[in-house]
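Beneath this line is the structure, given in structure tokens, with notes to follow.
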There are 2 protein chains.
Amino acid sequence: MSKTLEEQKLDGEQVFDGRMLKVYRDTVRLPDGSEAVREYVRHPGAVVIVAQLDNGHLLFERQFRYPLDRVFLELPAGKIDPGEAILDTAVRELREETGHEAREWRYLGVMHPCIGYSDERIEMFLARGLSHVGAQLDHEEFLEVTSMPLEGALAAVMNGRITDAKTITALFWAERVIRLGF
Amino acid sequence: MSKTLEEQKLDGEQVFDGRMLKVYRDTVRLPDGSEAVREYVRHPGAVVIVAQLDNGHLLFERQFRYPLDRVFLELPAGKIDPGEAILDTAVRELREETGHEAREWRYLGVMHPCIGYSDERIEMFLARGLSHVGAQLDHEEFLEVTSMPLEGALAAVMNGRITDAKTITALFWAERVIRLGF
């Protein structure tokens with residue numbers, strides 16, 4: 001079935017090699033035999049962490065996101081370093097950004113945030129049994145850590161305080177795993 | 001509070017002007033007074049539609065997504081044309097991609113799929129009272145329309161068949177509006 005939908009790469013080049021963004025432009029063969037151009041970002045992938053404190057609250061961050069020129073309320077997350085195992089990324093980012101370690105890690109699944117123009121994947125983890133050991137923010141990283149109950153986070157999606165799709169997607173999973181017992 | 005997180009633009013330029021992707025690189029002043037570079041995509045915004053047939057099933061599409069080199073199962077969606085009202089985009093995309101018109105439209109909310117490196121927003125709509133009038137796919141657009149019950153879609157997220165974050169985020173909303181009655 002998908003044979004009739006597939007596109008074949010004919011040619012391609014990198015059109016922007018930024019410090020963070022790597023942009024490519026390929027020429028492709030469409031299913032009907034015609035040609036088209038596809039422009040996209042190559043991304044190393046990322047993790048997002050639903051970290052539940054012993055009182056049931058989830059850790060959140062307030063972080064300024066320059067492309068949208070405002071502060072977002074979002075779950076802890078970060079990019080995968082070259083060659084790094086995804087669980088190691090999750091452990092590292094939770095420690096660096098929120099100052100917490102977790103006794104219990106559970107892999108939830110993967111999402112794709114931006115399938116139209118990026119190959120980014122975001123791996124989702126649930127972390128429990130947290131202990132505070134102190135944050136180690138990267139240079140150039142500014143954020144505030146906060147926490148709220150799962151119910152409050154779900155309500156914050158519905159009232160528009162949380163609009164970050166990776167956070168909403170991870171909360172979708174968290175609700176099923178934490179509240180509904182999957 | 002957010003004053004301590006904000007970044008100020010100092011200078012900026014467009015570094016790639018593609019057919020679809022527009023990429024910018026700005027120099028910014030960080031909260032601690034130092035400077036940093038921010039690279040990001042400017043996007044016209046998009047809509048995604050939860051379209052419920054009279055039998056309760058939701059309309060889905062199978063579409064090949066070149067950056068990830070595979071077919072995705074996703075909700076109908078599309079970019080906002082310049083100057084277009086978002087409801088008009090939703091009506092147009094549902095018609096073009098799935099061949100359906102809806103008697104009843106409800107605005108759900110907005111999500112941001114890629115806050116790290118894109119200003120894209122995706123406006124979510126619920127469409128009901130559907131009638132089939134025939135699809136009008138754009139040139140270069142290849143997709144297959146399918147449908148499934150909400151329960152099946154939620155299960156497809158949990159078993160990894162649906163990983164598109166805009167689709168999962170819209171299903172989060174749909175579940176609350178359709179099943180839980182918000």
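Residue numbers start at 1 in each chain; chains themselves are named A, B, ... in the order of the structure tokens; ligands are numbered from 1 in the order shown.
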Run DSSP on the backbone and grab whatever in region 16-116 of chain A lands in strand (DSSP E or B); send it over as an NGL selection string.
:A and (16-17 or 22-29 or 35-42 or 46-52 or 58-65 or 70-74 or 77-79 or 100-112)
Residues of chain A at most 6 Å from chain B: nearest atom pair and distance in Å, only C-alpha atoms, as CSV:
residue,atom,partner,partner_atom,distance
A:Leu5,CA,B:Phe64,CA,5.7
A:Glu6,CA,B:Phe64,CA,5.8
A:Phe64,CA,B:Leu5,CA,5.7
A:Pro67,CA,B:Asp119,CA,5.0
A:Leu68,CA,B:Asp119,CA,5.1
A:Met111,CA,B:Thr163,CA,4.5
A:His112,CA,B:Asp164,CA,5.0
A:Pro113,CA,B:Ala165,CA,4.8
A:Ser118,CA,B:Pro67,CA,5.7
A:Asp119,CA,B:Pro67,CA,5.0
A:Thr163,CA,B:Met111,CA,4.5
A:Asp164,CA,B:His112,CA,5.0
A:Ala165,CA,B:Pro113,CA,4.8
A:Ile168,CA,B:Thr169,CA,5.9
A:Thr169,CA,B:Thr169,CA,5.6
Determine which residues of region 18-174 of chain B DSSP labels as alpha helix (DSSP H) from the backbone of this structure, then write them out as a PDB file with N, CA, C and O atoms, in the first residue's frame.
ATOM      1  N   ILE B  86      -8.001  31.063   9.946  1.00  0.00           N
ATOM      2  CA  ILE B  86      -7.643  29.677  10.264  1.00  0.00           C
ATOM      3  C   ILE B  86      -8.808  28.715  10.051  1.00  0.00           C
ATOM      4  O   ILE B  86      -8.596  27.575   9.645  1.00  0.00           O
ATOM      5  N   LEU B  87     -10.043  29.159  10.283  1.00  0.00           N
ATOM      6  CA  LEU B  87     -11.182  28.272  10.022  1.00  0.00           C
ATOM      7  C   LEU B  87     -11.290  27.983   8.520  1.00  0.00           C
ATOM      8  O   LEU B  87     -11.607  26.858   8.118  1.00  0.00           O
ATOM      9  N   ASP B  88     -11.014  28.983   7.700  1.00  0.00           N
ATOM     10  CA  ASP B  88     -11.025  28.772   6.246  1.00  0.00           C
ATOM     11  C   ASP B  88      -9.968  27.744   5.836  1.00  0.00           C
ATOM     12  O   ASP B  88     -10.204  26.912   4.956  1.00  0.00           O
ATOM     13  N   THR B  89      -8.783  27.810   6.471  1.00  0.00           N
ATOM     14  CA  THR B  89      -7.748  26.814   6.194  1.00  0.00           C
ATOM     15  C   THR B  89      -8.252  25.416   6.538  1.00  0.00           C
ATOM     16  O   THR B  89      -8.073  24.460   5.762  1.00  0.00           O
ATOM     17  N   ALA B  90      -8.878  25.292   7.699  1.00  0.00           N
ATOM     18  CA  ALA B  90      -9.358  23.986   8.153  1.00  0.00           C
ATOM     19  C   ALA B  90     -10.420  23.439   7.191  1.00  0.00           C
ATOM     20  O   ALA B  90     -10.370  22.264   6.792  1.00  0.00           O
ATOM     21  N   VAL B  91     -11.366  24.285   6.794  1.00  0.00           N
ATOM     22  CA  VAL B  91     -12.419  23.875   5.862  1.00  0.00           C
ATOM     23  C   VAL B  91     -11.805  23.440   4.528  1.00  0.00           C
ATOM     24  O   VAL B  91     -12.152  22.397   3.972  1.00  0.00           O
ATOM     25  N   ARG B  92     -10.846  24.230   4.048  1.00  0.00           N
ATOM     26  CA  ARG B  92     -10.193  23.958   2.771  1.00  0.00           C
ATOM     27  C   ARG B  92      -9.392  22.661   2.818  1.00  0.00           C
ATOM     28  O   ARG B  92      -9.493  21.812   1.908  1.00  0.00           O
ATOM     29  N   GLU B  93      -8.592  22.487   3.865  1.00  0.00           N
ATOM     30  CA  GLU B  93      -7.742  21.291   3.932  1.00  0.00           C
ATOM     31  C   GLU B  93      -8.581  20.023   4.096  1.00  0.00           C
ATOM     32  O   GLU B  93      -8.258  18.984   3.507  1.00  0.00           O
ATOM     33  N   LEU B  94      -9.631  20.089   4.896  1.00  0.00           N
ATOM     34  CA  LEU B  94     -10.475  18.893   5.063  1.00  0.00           C
ATOM     35  C   LEU B  94     -11.095  18.512   3.719  1.00  0.00           C
ATOM     36  O   LEU B  94     -11.154  17.331   3.362  1.00  0.00           O
ATOM     37  N   ARG B  95     -11.538  19.516   2.966  1.00  0.00           N
ATOM     38  CA  ARG B  95     -12.117  19.276   1.656  1.00  0.00           C
ATOM     39  C   ARG B  95     -11.083  18.743   0.665  1.00  0.00           C
ATOM     40  O   ARG B  95     -11.303  17.716   0.003  1.00  0.00           O
ATOM     41  N   GLU B  96      -9.935  19.428   0.592  1.00  0.00           N
ATOM     42  CA  GLU B  96      -8.913  19.044  -0.392  1.00  0.00           C
ATOM     43  C   GLU B  96      -8.359  17.657  -0.124  1.00  0.00           C
ATOM     44  O   GLU B  96      -8.166  16.860  -1.045  1.00  0.00           O
ATOM     45  N   GLU B  97      -8.051  17.373   1.154  1.00  0.00           N
ATOM     46  CA  GLU B  97      -7.329  16.139   1.476  1.00  0.00           C
ATOM     47  C   GLU B  97      -8.239  14.936   1.652  1.00  0.00           C
ATOM     48  O   GLU B  97      -7.851  13.809   1.323  1.00  0.00           O
ATOM     49  N   THR B  98      -9.420  15.142   2.213  1.00  0.00           N
ATOM     50  CA  THR B  98     -10.283  13.987   2.509  1.00  0.00           C
ATOM     51  C   THR B  98     -11.583  13.997   1.719  1.00  0.00           C
ATOM     52  O   THR B  98     -12.320  13.007   1.749  1.00  0.00           O
ATOM     53  N   LEU B 150     -12.101   6.532  17.896  1.00  0.00           N
ATOM     54  CA  LEU B 150     -11.224   7.234  18.837  1.00  0.00           C
ATOM     55  C   LEU B 150     -10.452   6.244  19.694  1.00  0.00           C
ATOM     56  O   LEU B 150      -9.237   6.397  19.894  1.00  0.00           O
ATOM     57  N   GLU B 151     -11.140   5.203  20.201  1.00  0.00           N
ATOM     58  CA  GLU B 151     -10.465   4.213  21.042  1.00  0.00           C
ATOM     59  C   GLU B 151      -9.303   3.545  20.305  1.00  0.00           C
ATOM     60  O   GLU B 151      -8.251   3.283  20.877  1.00  0.00           O
ATOM     61  N   GLY B 152      -9.542   3.236  19.027  1.00  0.00           N
ATOM     62  CA  GLY B 152      -8.494   2.619  18.223  1.00  0.00           C
ATOM     63  C   GLY B 152      -7.320   3.558  18.017  1.00  0.00           C
ATOM     64  O   GLY B 152      -6.157   3.134  17.998  1.00  0.00           O
ATOM     65  N   ALA B 153      -7.616   4.836  17.854  1.00  0.00           N
ATOM     66  CA  ALA B 153      -6.553   5.823  17.661  1.00  0.00           C
ATOM     67  C   ALA B 153      -5.725   5.975  18.941  1.00  0.00           C
ATOM     68  O   ALA B 153      -4.489   6.039  18.896  1.00  0.00           O
ATOM     69  N   LEU B 154      -6.390   6.012  20.084  1.00  0.00           N
ATOM     70  CA  LEU B 154      -5.665   6.118  21.359  1.00  0.00           C
ATOM     71  C   LEU B 154      -4.787   4.881  21.562  1.00  0.00           C
ATOM     72  O   LEU B 154      -3.635   4.983  22.003  1.00  0.00           O
ATOM     73  N   ALA B 155      -5.312   3.710  21.189  1.00  0.00           N
ATOM     74  CA  ALA B 155      -4.518   2.478  21.290  1.00  0.00           C
ATOM     75  C   ALA B 155      -3.334   2.510  20.325  1.00  0.00           C
ATOM     76  O   ALA B 155      -2.244   2.015  20.636  1.00  0.00           O
ATOM     77  N   ALA B 156      -3.539   3.106  19.137  1.00  0.00           N
ATOM     78  CA  ALA B 156      -2.460   3.190  18.142  1.00  0.00           C
ATOM     79  C   ALA B 156      -1.333   4.101  18.618  1.00  0.00           C
ATOM     80  O   ALA B 156      -0.174   3.921  18.225  1.00  0.00           O
ATOM     81  N   VAL B 157      -1.653   5.082  19.464  1.00  0.00           N
ATOM     82  CA  VAL B 157      -0.585   5.875  20.081  1.00  0.00           C
ATOM     83  C   VAL B 157       0.211   4.990  21.034  1.00  0.00           C
ATOM     84  O   VAL B 157       1.447   4.929  20.972  1.00  0.00           O
ATOM     85  N   MET B 158      -0.511   4.263  21.890  1.00  0.00           N
ATOM     86  CA  MET B 158       0.170   3.467  22.917  1.00  0.00           C
ATOM     87  C   MET B 158       1.000   2.321  22.322  1.00  0.00           C
ATOM     88  O   MET B 158       1.984   1.886  22.930  1.00  0.00           O
ATOM     89  N   ALA B 165       3.457  14.006  16.639  1.00  0.00           N
ATOM     90  CA  ALA B 165       3.089  14.745  17.848  1.00  0.00           C
ATOM     91  C   ALA B 165       1.853  15.620  17.650  1.00  0.00           C
ATOM     92  O   ALA B 165       1.062  15.780  18.577  1.00  0.00           O
ATOM     93  N   LYS B 166       1.649  16.197  16.459  1.00  0.00           N
ATOM     94  CA  LYS B 166       0.449  17.022  16.284  1.00  0.00           C
ATOM     95  C   LYS B 166      -0.810  16.162  16.350  1.00  0.00           C
ATOM     96  O   LYS B 166      -1.849  16.583  16.860  1.00  0.00           O
ATOM     97  N   THR B 167      -0.695  14.912  15.838  1.00  0.00           N
ATOM     98  CA  THR B 167      -1.829  13.995  15.878  1.00  0.00           C
ATOM     99  C   THR B 167      -2.109  13.562  17.313  1.00  0.00           C
ATOM    100  O   THR B 167      -3.261  13.555  17.754  1.00  0.00           O
ATOM    101  N   ILE B 168      -1.065  13.233  18.072  1.00  0.00           N
ATOM    102  CA  ILE B 168      -1.260  12.810  19.467  1.00  0.00           C
ATOM    103  C   ILE B 168      -1.838  13.970  20.284  1.00  0.00           C
ATOM    104  O   ILE B 168      -2.754  13.787  21.086  1.00  0.00           O
ATOM    105  N   THR B 169      -1.302  15.177  20.066  1.00  0.00           N
ATOM    106  CA  THR B 169      -1.798  16.344  20.798  1.00  0.00           C
ATOM    107  C   THR B 169      -3.272  16.604  20.483  1.00  0.00           C
ATOM    108  O   THR B 169      -4.077  16.864  21.389  1.00  0.00           O
ATOM    109  N   ALA B 170      -3.648  16.516  19.220  1.00  0.00           N
ATOM    110  CA  ALA B 170      -5.054  16.740  18.849  1.00  0.00           C
ATOM    111  C   ALA B 170      -5.939  15.624  19.402  1.00  0.00           C
ATOM    112  O   ALA B 170      -7.089  15.869  19.790  1.00  0.00           O
ATOM    113  N   LEU B 171      -5.416  14.387  19.468  1.00  0.00           N
ATOM    114  CA  LEU B 171      -6.195  13.284  20.051  1.00  0.00           C
ATOM    115  C   LEU B 171      -6.385  13.482  21.553  1.00  0.00           C
ATOM    116  O   LEU B 171      -7.423  13.112  22.111  1.00  0.00           O
ATOM    117  N   PHE B 172      -5.376  14.057  22.215  1.00  0.00           N
ATOM    118  CA  PHE B 172      -5.497  14.421  23.633  1.00  0.00           C
ATOM    119  C   PHE B 172      -6.732  15.306  23.818  1.00  0.00           C
ATOM    120  O   PHE B 172      -7.566  15.075  24.695  1.00  0.00           O
ATOM    121  N   TRP B 173      -6.849  16.330  22.964  1.00  0.00           N
ATOM    122  CA  TRP B 173      -7.995  17.244  23.012  1.00  0.00           C
ATOM    123  C   TRP B 173      -9.283  16.522  22.633  1.00  0.00           C
ATOM    124  O   TRP B 173     -10.325  16.705  23.269  1.00  0.00           O
ATOM    125  N   ALA B 174      -9.220  15.732  21.562  1.00  0.00           N
ATOM    126  CA  ALA B 174     -10.432  15.067  21.076  1.00  0.00           C
ATOM    127  C   ALA B 174     -11.010  14.148  22.138  1.00  0.00           C
ATOM    128  O   ALA B 174     -12.226  14.088  22.336  1.00  0.00           O
TER     129      ALA B 174
END
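Between Met148 (chain A) and the candidates A:Pro76, A:Gly129, A:Gly56, A:Gly83, the tightest atom-to-atom separation, counting only C-alpha atoms, involves A:Gly56.
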Between CA of Arg106 (chain B) and CA of Arg161 (chain B), what distance in Å does the model show, to one decimal?
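Taking CA of Arg106 (chain B) and CA of Arg161 (chain B), their separation equals 26.8 Å.
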By how many Å are CA of Leu59 (chain A) and CA of His43 (chain A) apart?
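Separation between CA of Leu59 (chain A) and CA of His43 (chain A): 25.3 Å.
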Interatomic distance between CA of Phe125 (chain B) and CA of Val50 (chain B)?
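Straight-line distance from CA of Phe125 (chain B) to CA of Val50 (chain B) works out to 6.1 Å.
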Please list as a list in words every residue within 10 Å of Pro82 (chain A), counting only C-alpha atoms and excluding residues in the same chain fewer than 2 positions away.
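In the requested form, the answer reads Pro44, Gly45, Lys79, Ile80, Glu84 and Ala85 of chain A.
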